[in-house]
$ cat my_file15.cif   # mmCIF, C-alpha atoms and all ligand atoms
data_entry
loop_
_atom_site.label_atom_id
_atom_site.label_comp_id
_atom_site.auth_asym_id
_atom_site.auth_seq_id
_atom_site.Cartn_x
_atom_site.Cartn_y
_atom_site.Cartn_z
CA MET A 1 21.43 -9.16 4.37
CA TYR A 2 22.79 -5.67 5.02
CA ASP A 3 22.82 -3.63 1.85
CA ALA A 4 24.88 -0.47 2.28
CA LYS A 5 23.71 1.00 -1.02
CA LEU A 6 20.07 0.54 -0.08
CA ASP A 7 20.73 1.94 3.36
CA GLU A 8 22.34 5.02 1.86
CA ARG A 9 19.46 5.55 -0.59
CA VAL A 10 16.80 5.07 2.06
CA THR A 11 18.59 7.28 4.58
CA THR A 12 19.14 10.16 2.22
CA MET A 13 15.84 9.73 0.34
CA ASP A 14 17.32 10.87 -2.94
CA ASP A 15 14.52 9.24 -4.89
CA ILE A 16 11.19 10.68 -3.77
CA LYS A 17 8.09 9.23 -5.40
CA ILE A 18 5.34 10.89 -3.37
CA SER A 19 5.56 14.16 -1.53
CA ALA A 20 2.70 15.11 0.80
CA ARG A 21 2.45 18.53 2.44
CA GLY A 22 -0.06 19.90 4.93
CA VAL A 23 -2.47 16.98 4.46
CA GLN A 24 -5.61 17.18 6.58
CA VAL A 25 -8.62 14.88 6.48
CA TRP A 26 -12.00 15.32 8.12
CA TYR A 27 -14.94 12.93 8.24
CA GLY A 28 -17.71 15.40 9.00
CA ASP A 29 -16.45 16.97 12.24
CA THR A 30 -13.86 14.26 12.98
CA HIS A 31 -10.37 15.56 12.27
CA ALA A 32 -8.71 12.28 11.29
CA ILE A 33 -5.41 13.52 9.77
CA LYS A 34 -3.71 16.65 11.07
CA ASP A 35 -1.27 18.53 8.91
CA VAL A 36 0.84 15.63 7.73
CA ASP A 37 4.04 16.19 5.70
CA VAL A 38 5.81 13.12 4.38
CA ASP A 39 8.02 12.05 1.50
CA ILE A 40 7.72 8.47 0.26
CA ALA A 41 10.77 7.01 -1.44
CA ASP A 42 10.72 5.12 -4.71
CA ARG A 43 11.55 1.39 -4.76
CA THR A 44 11.28 1.23 -1.00
CA VAL A 45 8.78 -0.34 1.38
CA THR A 46 7.34 2.27 3.73
CA ALA A 47 5.32 1.04 6.72
CA PHE A 48 2.60 3.06 8.49
CA ILE A 49 2.21 1.95 12.09
CA GLY A 50 0.28 3.23 15.10
CA PRO A 51 -2.60 2.41 17.42
CA SER A 52 -6.07 1.62 16.12
CA GLY A 53 -7.91 4.71 14.86
CA CYS A 54 -4.78 6.88 14.54
CA GLY A 55 -5.41 7.52 10.84
CA LYS A 56 -3.08 5.09 9.04
CA SER A 57 -5.69 3.82 6.58
CA THR A 58 -7.14 7.29 6.10
CA PHE A 59 -3.75 8.67 5.12
CA LEU A 60 -3.02 5.67 2.88
CA ARG A 61 -6.30 6.27 1.07
CA CYS A 62 -5.28 9.89 0.43
CA LEU A 63 -2.44 8.61 -1.75
CA ASN A 64 -4.74 7.32 -4.49
CA ARG A 65 -7.79 9.43 -3.70
CA MET A 66 -9.79 6.49 -2.36
CA ASN A 67 -11.24 8.91 0.20
CA ASP A 68 -13.08 10.54 -2.73
CA THR A 69 -15.44 7.58 -2.54
CA ILE A 70 -16.41 8.37 1.08
CA ASP A 71 -19.09 11.09 1.12
CA SER A 72 -18.23 12.59 4.50
CA ALA A 73 -14.47 12.73 3.84
CA ARG A 74 -12.78 16.05 3.06
CA VAL A 75 -9.09 16.18 2.15
CA GLU A 76 -6.88 19.30 2.17
CA GLY A 77 -3.22 19.80 1.34
CA THR A 78 -0.97 18.81 -1.53
CA ILE A 79 0.15 15.36 -2.61
CA LEU A 80 2.60 15.19 -5.48
CA LEU A 81 3.18 11.95 -7.36
CA ASP A 82 6.47 12.68 -9.07
CA ASP A 83 5.73 16.33 -9.77
CA GLU A 84 1.99 16.16 -10.37
CA ASN A 85 -0.57 17.16 -7.74
CA ILE A 86 -2.91 14.17 -7.61
CA TYR A 87 -5.72 16.39 -6.28
CA ASP A 88 -5.56 18.67 -9.31
CA LYS A 89 -8.96 18.92 -11.02
CA ARG A 90 -7.45 17.63 -14.27
CA VAL A 91 -6.38 14.33 -12.69
CA ASP A 92 -8.74 11.45 -13.42
CA PRO A 93 -8.98 9.32 -10.23
CA VAL A 94 -9.46 6.15 -12.28
CA GLN A 95 -6.21 6.73 -14.16
CA LEU A 96 -4.52 7.69 -10.89
CA ARG A 97 -5.57 4.39 -9.28
CA ALA A 98 -4.00 2.48 -12.17
CA LYS A 99 -0.72 4.24 -11.29
CA VAL A 100 -1.23 3.94 -7.55
CA GLY A 101 -2.72 0.48 -7.05
CA MET A 102 -4.24 -0.83 -3.85
CA VAL A 103 -4.50 -4.15 -2.05
CA PHE A 104 -6.99 -4.45 0.80
CA GLN A 105 -7.15 -6.19 4.14
CA LYS A 106 -9.49 -8.93 3.01
CA PRO A 107 -8.67 -10.59 -0.31
CA ASN A 108 -11.45 -9.40 -2.64
CA PRO A 109 -11.14 -11.13 -6.01
CA PHE A 110 -13.94 -10.41 -8.47
CA PRO A 111 -16.39 -13.29 -9.04
CA LYS A 112 -14.59 -14.06 -12.29
CA SER A 113 -11.88 -16.41 -13.49
CA ILE A 114 -8.29 -16.05 -12.32
CA TYR A 115 -7.41 -14.83 -15.82
CA ASP A 116 -10.21 -12.25 -15.94
CA ASN A 117 -9.34 -10.91 -12.49
CA VAL A 118 -5.85 -10.04 -13.69
CA ALA A 119 -6.94 -8.96 -17.19
CA TYR A 120 -9.61 -6.61 -15.82
CA GLY A 121 -7.43 -3.49 -15.37
CA PRO A 122 -5.38 -3.94 -18.56
CA ARG A 123 -8.65 -4.32 -20.52
CA ILE A 124 -10.19 -1.15 -19.02
CA HIS A 125 -7.05 0.84 -19.66
CA GLY A 126 -6.49 -0.60 -23.15
CA LEU A 127 -3.02 -1.91 -22.35
CA ALA A 128 -3.15 -4.86 -24.78
CA ARG A 129 -3.71 -4.72 -28.54
CA ASN A 130 -4.66 -8.38 -28.88
CA LYS A 131 -5.21 -11.62 -26.98
CA ALA A 132 -1.53 -12.63 -27.13
CA GLU A 133 -0.47 -9.36 -25.52
CA LEU A 134 -3.13 -9.71 -22.84
CA ASP A 135 -1.97 -13.29 -22.18
CA ASP A 136 1.57 -11.96 -21.69
CA ILE A 137 0.41 -9.24 -19.29
CA VAL A 138 -1.58 -11.77 -17.25
CA GLU A 139 1.35 -14.19 -17.08
CA LYS A 140 3.81 -11.47 -16.09
CA ALA A 141 1.51 -10.15 -13.35
CA LEU A 142 0.89 -13.64 -11.96
CA ARG A 143 4.64 -14.33 -11.99
CA ARG A 144 5.33 -11.05 -10.19
CA ALA A 145 2.75 -12.04 -7.59
CA ALA A 146 4.41 -15.46 -7.20
CA LEU A 147 1.18 -17.18 -8.24
CA TRP A 148 1.95 -18.33 -11.77
CA ASN A 149 3.05 -21.86 -10.92
CA GLU A 150 -0.05 -22.49 -8.85
CA ALA A 151 -2.45 -20.83 -11.30
CA LYS A 152 -1.14 -21.56 -14.80
CA ASP A 153 -3.15 -24.76 -15.25
CA ARG A 154 -6.39 -23.30 -13.92
CA LEU A 155 -6.55 -19.80 -15.38
CA GLN A 156 -10.24 -20.21 -16.22
CA ALA A 157 -11.16 -21.39 -12.71
CA PRO A 158 -12.86 -18.85 -10.43
CA GLY A 159 -10.52 -16.63 -8.41
CA THR A 160 -12.75 -17.11 -5.40
CA GLY A 161 -11.87 -20.84 -5.43
CA LEU A 162 -8.27 -20.15 -4.41
CA SER A 163 -7.03 -20.30 -0.82
CA GLY A 164 -6.96 -17.06 1.19
CA GLY A 165 -3.23 -16.55 0.64
CA GLN A 166 -3.54 -17.32 -3.06
CA GLN A 167 -6.51 -14.92 -3.33
CA GLN A 168 -4.41 -12.16 -1.79
CA ARG A 169 -1.59 -12.87 -4.26
CA LEU A 170 -4.23 -12.77 -7.02
CA CYS A 171 -5.28 -9.33 -5.78
CA ILE A 172 -1.63 -8.28 -5.88
CA ALA A 173 -1.38 -9.64 -9.45
CA ARG A 174 -4.52 -7.68 -10.34
CA ALA A 175 -2.98 -4.52 -8.88
CA VAL A 176 0.40 -4.91 -10.62
CA ALA A 177 -1.15 -5.83 -14.00
CA THR A 178 -1.73 -2.18 -14.86
CA GLU A 179 2.00 -1.46 -14.28
CA PRO A 180 1.45 0.85 -11.31
CA GLU A 181 4.27 2.94 -9.90
CA VAL A 182 3.09 2.73 -6.32
CA LEU A 183 1.37 -0.11 -4.50
CA LEU A 184 -0.68 0.68 -1.39
CA MET A 185 -1.38 -2.23 0.94
CA ASP A 186 -3.84 -1.87 3.81
CA GLU A 187 -3.05 -4.65 6.29
CA PRO A 188 -2.65 -7.16 3.45
CA CYS A 189 -1.85 -10.09 5.74
CA SER A 190 -4.40 -9.63 8.49
CA ALA A 191 -6.71 -12.32 7.09
CA LEU A 192 -3.89 -14.76 6.31
CA ASP A 193 -2.30 -17.62 8.23
CA PRO A 194 1.41 -17.48 9.11
CA ILE A 195 2.55 -19.42 6.03
CA ALA A 196 0.54 -17.28 3.61
CA THR A 197 1.74 -14.19 5.50
CA ALA A 198 5.37 -15.23 5.05
CA GLN A 199 4.77 -15.73 1.31
CA VAL A 200 3.17 -12.30 0.93
CA GLU A 201 5.96 -10.68 2.96
CA GLU A 202 8.56 -12.29 0.70
CA LEU A 203 6.62 -11.03 -2.28
CA ILE A 204 6.52 -7.48 -0.87
CA ASP A 205 10.30 -7.57 -0.65
CA GLU A 206 10.50 -8.56 -4.33
CA LEU A 207 7.96 -5.93 -5.40
CA ARG A 208 10.23 -3.26 -3.96
CA GLU A 209 12.57 -3.75 -6.92
CA ASN A 210 9.98 -2.24 -9.25
CA PHE A 211 7.50 -0.34 -7.14
CA SER A 212 7.22 2.05 -4.28
CA VAL A 213 5.26 0.03 -1.69
CA VAL A 214 3.37 1.58 1.23
CA ILE A 215 1.96 -0.84 3.78
CA VAL A 216 -0.32 -0.26 6.76
CA THR A 217 0.27 -2.87 9.41
CA HIS A 218 -0.76 -3.55 12.98
CA SER A 219 2.22 -5.79 13.40
CA MET A 220 5.43 -4.09 14.45
CA GLN A 221 7.27 -7.32 13.69
CA GLN A 222 5.93 -7.17 10.15
CA ALA A 223 6.93 -3.51 9.76
CA ALA A 224 10.42 -4.39 11.00
CA ARG A 225 10.66 -7.38 8.62
CA VAL A 226 9.39 -5.83 5.40
CA SER A 227 10.00 -2.09 5.46
CA GLN A 228 12.99 0.17 5.08
CA ARG A 229 11.20 3.29 6.33
CA THR A 230 8.50 3.54 8.99
CA ALA A 231 6.02 6.29 9.84
CA PHE A 232 4.41 6.27 13.29
CA PHE A 233 0.95 7.87 13.51
CA HIS A 234 -0.80 8.82 16.72
CA LEU A 235 -4.17 10.61 17.06
CA GLY A 236 -4.06 11.79 13.45
CA ASN A 237 -0.52 13.18 13.71
CA LEU A 238 2.55 11.82 12.00
CA VAL A 239 4.72 11.66 15.11
CA GLU A 240 7.90 10.24 13.69
CA TYR A 241 9.16 9.07 10.32
CA ASP A 242 12.55 7.51 9.84
CA VAL A 243 14.60 4.56 8.69
CA THR A 244 12.85 1.47 10.09
CA ASP A 245 15.84 0.28 12.11
CA ARG A 246 16.06 3.61 13.88
CA ILE A 247 12.32 3.72 14.67
CA PHE A 248 12.56 0.33 16.36
CA THR A 249 15.91 0.72 18.09
CA ASN A 250 16.34 4.41 18.82
CA PRO A 251 13.16 6.45 18.27
CA SER A 252 13.41 10.14 19.01
CA ASP A 253 9.84 10.81 20.20
CA PRO A 254 8.65 9.42 23.57
CA ARG A 255 5.27 8.51 22.02
CA THR A 256 7.02 6.26 19.49
CA GLU A 257 9.08 4.72 22.25
CA SER A 258 5.91 4.03 24.28
CA TYR A 259 4.18 2.45 21.30
CA ILE A 260 7.01 0.17 20.25
CA SER A 261 7.57 -0.93 23.82
CA GLY A 262 3.86 -1.76 24.13
CA ARG A 263 2.90 0.99 26.56
CA ILE A 264 0.33 2.58 24.21
CA GLY A 265 -1.90 1.04 21.59
N1 LIG A 301 -15.57 6.19 6.63
C1 LIG A 301 -15.40 6.83 7.79
N2 LIG A 301 -16.36 7.66 8.26
C2 LIG A 301 -16.20 8.32 9.43
N3 LIG A 301 -15.12 8.24 10.20
C3 LIG A 301 -14.12 7.45 9.80
C4 LIG A 301 -14.21 6.69 8.57
N4 LIG A 301 -13.06 5.98 8.42
C5 LIG A 301 -12.29 6.28 9.51
N5 LIG A 301 -12.93 7.15 10.32
C6 LIG A 301 -12.40 7.72 11.60
O1 LIG A 301 -11.14 8.34 11.32
C7 LIG A 301 -10.19 8.04 12.32
C8 LIG A 301 -9.00 7.32 11.70
O2 LIG A 301 -9.41 6.03 11.22
P1 LIG A 301 -8.50 5.07 10.35
O3 LIG A 301 -9.32 3.91 9.95
O4 LIG A 301 -7.82 5.84 9.31
O5 LIG A 301 -7.41 4.63 11.45
P2 LIG A 301 -6.42 3.41 11.43
O6 LIG A 301 -5.20 3.88 12.12
O7 LIG A 301 -6.25 2.88 10.06
O8 LIG A 301 -7.20 2.38 12.34
P3 LIG A 301 -7.16 0.78 12.36
O9 LIG A 301 -5.74 0.43 12.69
O10 LIG A 301 -8.11 0.42 13.46
O11 LIG A 301 -7.58 0.30 11.02
C9 LIG A 301 -10.93 7.22 13.37
O12 LIG A 301 -11.40 8.12 14.35
C10 LIG A 301 -12.08 6.61 12.60
O13 LIG A 301 -13.18 6.38 13.43
#

$ encode --input "my_file15.cif" --output "structure tokens" --more "lines below"
Ligand SMILES: Nc1ncnc2c1ncn2[C@@H]1O[C@H](COP(=O)(O)OP(=O)(O)OP(=O)(O)O)[C@@H](O)[C@H]1O
Amino acid sequence: MYDAKLDERVTTMDDIKISARGVQVWYGDTHAIKDVDVDIADRTVTAFIGPSGCGKSTFLRCLNRMNDTIDSARVEGTILLDDENIYDKRVDPVQLRAKVGMVFQKPNPFPKSIYDNVAYGPRIHGLARNKAELDDIVEKALRRAALWNEAKDRLQAPGTGLSGGQQQRLCIARAVATEPEVLLMDEPCSALDPIATAQVEELIDELRENFSVVIVTHSMQQAARVSQRTAFFHLGNLVEYDVTDRIFTNPSDPRTESYISGRIG
């Protein structure tokens, strides 16, 4: 349904959550991200699209310093979350990743119970004072991930025993349990069947009410369905970034036009 208020907010970007300037990434000698500037809006789904190897995942991983875990990776530039530079020496990456959660391509629940998967982050970060509070956090996270009804009678069962789509929703519950502000999703539906994909896409739309969501996707249809803003990457450059409708109907760069019409990629 067309939402003029949302359209206005997304178009004017009056609510910036993340502001990246001059971001460059190298893996050894490979220059994977070249001088990227981008502002990510709050309570909006932003899609990163582009051909394989163009740097979408690399840039996504810059947003919660996941590239720190890759030895050969070197990141330059500034990324502000609200007004704080996340690459400042005083920022603890573990705390940062509680604020900027991540969901991966392949569902990767811990070999623990459904309950313990979700309770893991809140326990580490001391978010609950007692068992009742932890129970509440777990329930809220599972509800937000649209998994509560399916999981409430088997909270002690292993997370790995769920179906693929349920496992991915469990990973989303695990990510939202620490009350993040931003949720990064790296091709979250690529291992899911169409029904599970539709459920996760619906969930992404609901998550937008509370979080800034950034999703890497290979599927232009998915980007068009779930996002309000889209960034097109090509050969490590951010070629074009705009309101999703405009990217898919009236892009301004010929490289974007070629990609969305299937001529490159
Ligand atoms: N851990 C790594 N070590 C070395 N090079 C890497 C690493 N990860 C990515 N690269 C290189 O960086 C470039 C960008 O890769 P990246 O995975 O970010 O692209 P992508 O657009 O997400 O690709 P895909 O859509 O295939 O997942 C590629 O040239 C890739 O080979």

$ closest_residue --input "my_file15.cif" --among "A:Lys89, A:Arg143, A:Lys152, A:Lys112" --to "A:Arg169" --atoms "all atoms listed in the file"
A:Arg143

$ residues_near_ligand --input "my_file15.cif" --ligand "ligand LIG 301 (chain A)" --cutoff "8 Å" --atoms "all atoms listed in the file" --output "VMD selection string"
chain A and resid 26 to 28 30 to 33 49 to 59 70 72 to 73 216 to 218 233 235 to 236

$ write_last_selection --input "my_file15.cif" --atoms "C-alpha atoms" --output "PDB file, keeping the file's coordinate frame"
ATOM      1  CA  TRP A  26     -12.000  15.320   8.120  1.00  0.00           C
ATOM      2  CA  TYR A  27     -14.940  12.930   8.240  1.00  0.00           C
ATOM      3  CA  GLY A  28     -17.710  15.400   9.000  1.00  0.00           C
ATOM      4  CA  THR A  30     -13.860  14.260  12.980  1.00  0.00           C
ATOM      5  CA  HIS A  31     -10.370  15.560  12.270  1.00  0.00           C
ATOM      6  CA  ALA A  32      -8.710  12.280  11.290  1.00  0.00           C
ATOM      7  CA  ILE A  33      -5.410  13.520   9.770  1.00  0.00           C
ATOM      8  CA  ILE A  49       2.210   1.950  12.090  1.00  0.00           C
ATOM      9  CA  GLY A  50       0.280   3.230  15.100  1.00  0.00           C
ATOM     10  CA  PRO A  51      -2.600   2.410  17.420  1.00  0.00           C
ATOM     11  CA  SER A  52      -6.070   1.620  16.120  1.00  0.00           C
ATOM     12  CA  GLY A  53      -7.910   4.710  14.860  1.00  0.00           C
ATOM     13  CA  CYS A  54      -4.780   6.880  14.540  1.00  0.00           C
ATOM     14  CA  GLY A  55      -5.410   7.520  10.840  1.00  0.00           C
ATOM     15  CA  LYS A  56      -3.080   5.090   9.040  1.00  0.00           C
ATOM     16  CA  SER A  57      -5.690   3.820   6.580  1.00  0.00           C
ATOM     17  CA  THR A  58      -7.140   7.290   6.100  1.00  0.00           C
ATOM     18  CA  PHE A  59      -3.750   8.670   5.120  1.00  0.00           C
ATOM     19  CA  ILE A  70     -16.410   8.370   1.080  1.00  0.00           C
ATOM     20  CA  SER A  72     -18.230  12.590   4.500  1.00  0.00           C
ATOM     21  CA  ALA A  73     -14.470  12.730   3.840  1.00  0.00           C
ATOM     22  CA  VAL A 216      -0.320  -0.260   6.760  1.00  0.00           C
ATOM     23  CA  THR A 217       0.270  -2.870   9.410  1.00  0.00           C
ATOM     24  CA  HIS A 218      -0.760  -3.550  12.980  1.00  0.00           C
ATOM     25  CA  PHE A 233       0.950   7.870  13.510  1.00  0.00           C
ATOM     26  CA  LEU A 235      -4.170  10.610  17.060  1.00  0.00           C
ATOM     27  CA  GLY A 236      -4.060  11.790  13.450  1.00  0.00           C
TER      28      GLY A 236
END

$ residues_near_point --input "my_file15.cif" --point "(8.4, -1.9, 22.5)" --cutoff "12 Å" --atoms "only C-alpha atoms" --output "MDAnalysis selection string"
chainID A and resid 219:221 224 247:251 254:265

$ residues_around --input "my_file15.cif" --residues "A:Gly165" --least-positions-apart "4" --cutoff "10 Å" --atoms "all atoms listed in the file" --output "MDAnalysis selection string"
chainID A and resid 107 147 169:171 188:189 191:200

$ closest_residue --input "my_file15.cif" --among "A:Arg74, A:Lys34, A:Arg144, A:Arg61" --to "A:Ile215" --atoms "all atoms listed in the file"
A:Arg61

$ closest_residue --input "my_file15.cif" --among "A:Val243, A:Leu203, A:Leu96, A:Leu63" --to "A:Thr46" --atoms "only C-alpha atoms"
A:Val243

$ atom_distance --input "my_file15.cif" --atom1 "atom CA of A:Leu184" --atom2 "atom CA of A:Arg129"
27.8 Å

$ atom_distance --input "my_file15.cif" --atom1 "atom CA of A:Val75" --atom2 "atom CA of A:Ile18"
16.3 Å

$ build_atoms --input "my_file15.cif" --residues "stretch 114-138 of chain A" --atoms "N, CA and C atoms" --output "mmCIF file, keeping the file's coordinate frame"
data_model
loop_
_atom_site.group_PDB
_atom_site.id
_atom_site.type_symbol
_atom_site.label_atom_id
_atom_site.label_comp_id
_atom_site.auth_asym_id
_atom_site.auth_seq_id
_atom_site.Cartn_x
_atom_site.Cartn_y
_atom_site.Cartn_z
ATOM 1 N N ILE A 114 -9.601 -16.573 -12.706
ATOM 2 C CA ILE A 114 -8.290 -16.050 -12.320
ATOM 3 C C ILE A 114 -7.785 -15.132 -13.436
ATOM 4 N N TYR A 115 -7.887 -15.605 -14.671
ATOM 5 C CA TYR A 115 -7.410 -14.830 -15.820
ATOM 6 C C TYR A 115 -8.122 -13.470 -15.887
ATOM 7 N N ASP A 116 -9.444 -13.507 -15.788
ATOM 8 C CA ASP A 116 -10.210 -12.250 -15.940
ATOM 9 C C ASP A 116 -9.984 -11.281 -14.792
ATOM 10 N N ASN A 117 -9.682 -11.808 -13.596
ATOM 11 C CA ASN A 117 -9.340 -10.910 -12.490
ATOM 12 C C ASN A 117 -8.129 -10.072 -12.851
ATOM 13 N N VAL A 118 -7.106 -10.744 -13.392
ATOM 14 C CA VAL A 118 -5.850 -10.040 -13.690
ATOM 15 C C VAL A 118 -6.003 -9.179 -14.951
ATOM 16 N N ALA A 119 -6.802 -9.678 -15.912
ATOM 17 C CA ALA A 119 -6.940 -8.960 -17.190
ATOM 18 C C ALA A 119 -7.855 -7.742 -17.081
ATOM 19 N N TYR A 120 -8.596 -7.662 -15.968
ATOM 20 C CA TYR A 120 -9.610 -6.610 -15.820
ATOM 21 C C TYR A 120 -9.038 -5.197 -16.048
ATOM 22 N N GLY A 121 -8.021 -4.838 -15.275
ATOM 23 C CA GLY A 121 -7.430 -3.490 -15.370
ATOM 24 C C GLY A 121 -6.822 -3.218 -16.736
ATOM 25 N N PRO A 122 -5.962 -4.142 -17.227
ATOM 26 C CA PRO A 122 -5.380 -3.940 -18.560
ATOM 27 C C PRO A 122 -6.446 -3.761 -19.654
ATOM 28 N N ARG A 123 -7.584 -4.477 -19.510
ATOM 29 C CA ARG A 123 -8.650 -4.320 -20.520
ATOM 30 C C ARG A 123 -9.238 -2.909 -20.434
ATOM 31 N N ILE A 124 -9.586 -2.477 -19.210
ATOM 32 C CA ILE A 124 -10.190 -1.150 -19.020
ATOM 33 C C ILE A 124 -9.284 -0.056 -19.540
ATOM 34 N N HIS A 125 -7.989 -0.215 -19.292
ATOM 35 C CA HIS A 125 -7.050 0.840 -19.660
ATOM 36 C C HIS A 125 -6.442 0.624 -21.048
ATOM 37 N N GLY A 126 -6.944 -0.383 -21.771
ATOM 38 C CA GLY A 126 -6.490 -0.600 -23.150
ATOM 39 C C GLY A 126 -4.995 -0.871 -23.262
ATOM 40 N N LEU A 127 -4.474 -1.689 -22.356
ATOM 41 C CA LEU A 127 -3.020 -1.910 -22.350
ATOM 42 C C LEU A 127 -2.565 -2.996 -23.322
ATOM 43 N N ALA A 128 -3.538 -3.781 -23.861
ATOM 44 C CA ALA A 128 -3.150 -4.860 -24.780
ATOM 45 C C ALA A 128 -3.843 -4.650 -26.123
ATOM 46 N N ARG A 129 -3.098 -4.900 -27.211
ATOM 47 C CA ARG A 129 -3.710 -4.720 -28.540
ATOM 48 C C ARG A 129 -4.419 -5.986 -28.998
ATOM 49 N N ASN A 130 -4.035 -7.127 -28.448
ATOM 50 C CA ASN A 130 -4.660 -8.380 -28.880
ATOM 51 C C ASN A 130 -4.559 -9.406 -27.740
ATOM 52 N N LYS A 131 -5.132 -10.578 -28.004
ATOM 53 C CA LYS A 131 -5.210 -11.620 -26.980
ATOM 54 C C LYS A 131 -3.812 -12.071 -26.537
ATOM 55 N N ALA A 132 -2.883 -12.159 -27.484
ATOM 56 C CA ALA A 132 -1.530 -12.630 -27.130
ATOM 57 C C ALA A 132 -0.876 -11.644 -26.164
ATOM 58 N N GLU A 133 -1.064 -10.364 -26.423
ATOM 59 C CA GLU A 133 -0.470 -9.360 -25.520
ATOM 60 C C GLU A 133 -1.107 -9.427 -24.138
ATOM 61 N N LEU A 134 -2.440 -9.620 -24.135
ATOM 62 C CA LEU A 134 -3.130 -9.710 -22.840
ATOM 63 C C LEU A 134 -2.656 -10.953 -22.073
ATOM 64 N N ASP A 135 -2.483 -12.064 -22.816
ATOM 65 C CA ASP A 135 -1.970 -13.290 -22.180
ATOM 66 C C ASP A 135 -0.617 -13.012 -21.523
ATOM 67 N N ASP A 136 0.227 -12.266 -22.230
ATOM 68 C CA ASP A 136 1.570 -11.960 -21.690
ATOM 69 C C ASP A 136 1.474 -11.117 -20.420
ATOM 70 N N ILE A 137 0.574 -10.122 -20.464
ATOM 71 C CA ILE A 137 0.410 -9.240 -19.290
ATOM 72 C C ILE A 137 -0.054 -10.062 -18.088
ATOM 73 N N VAL A 138 -1.033 -10.951 -18.338
ATOM 74 C CA VAL A 138 -1.580 -11.770 -17.250
ATOM 75 C C VAL A 138 -0.484 -12.671 -16.674
#
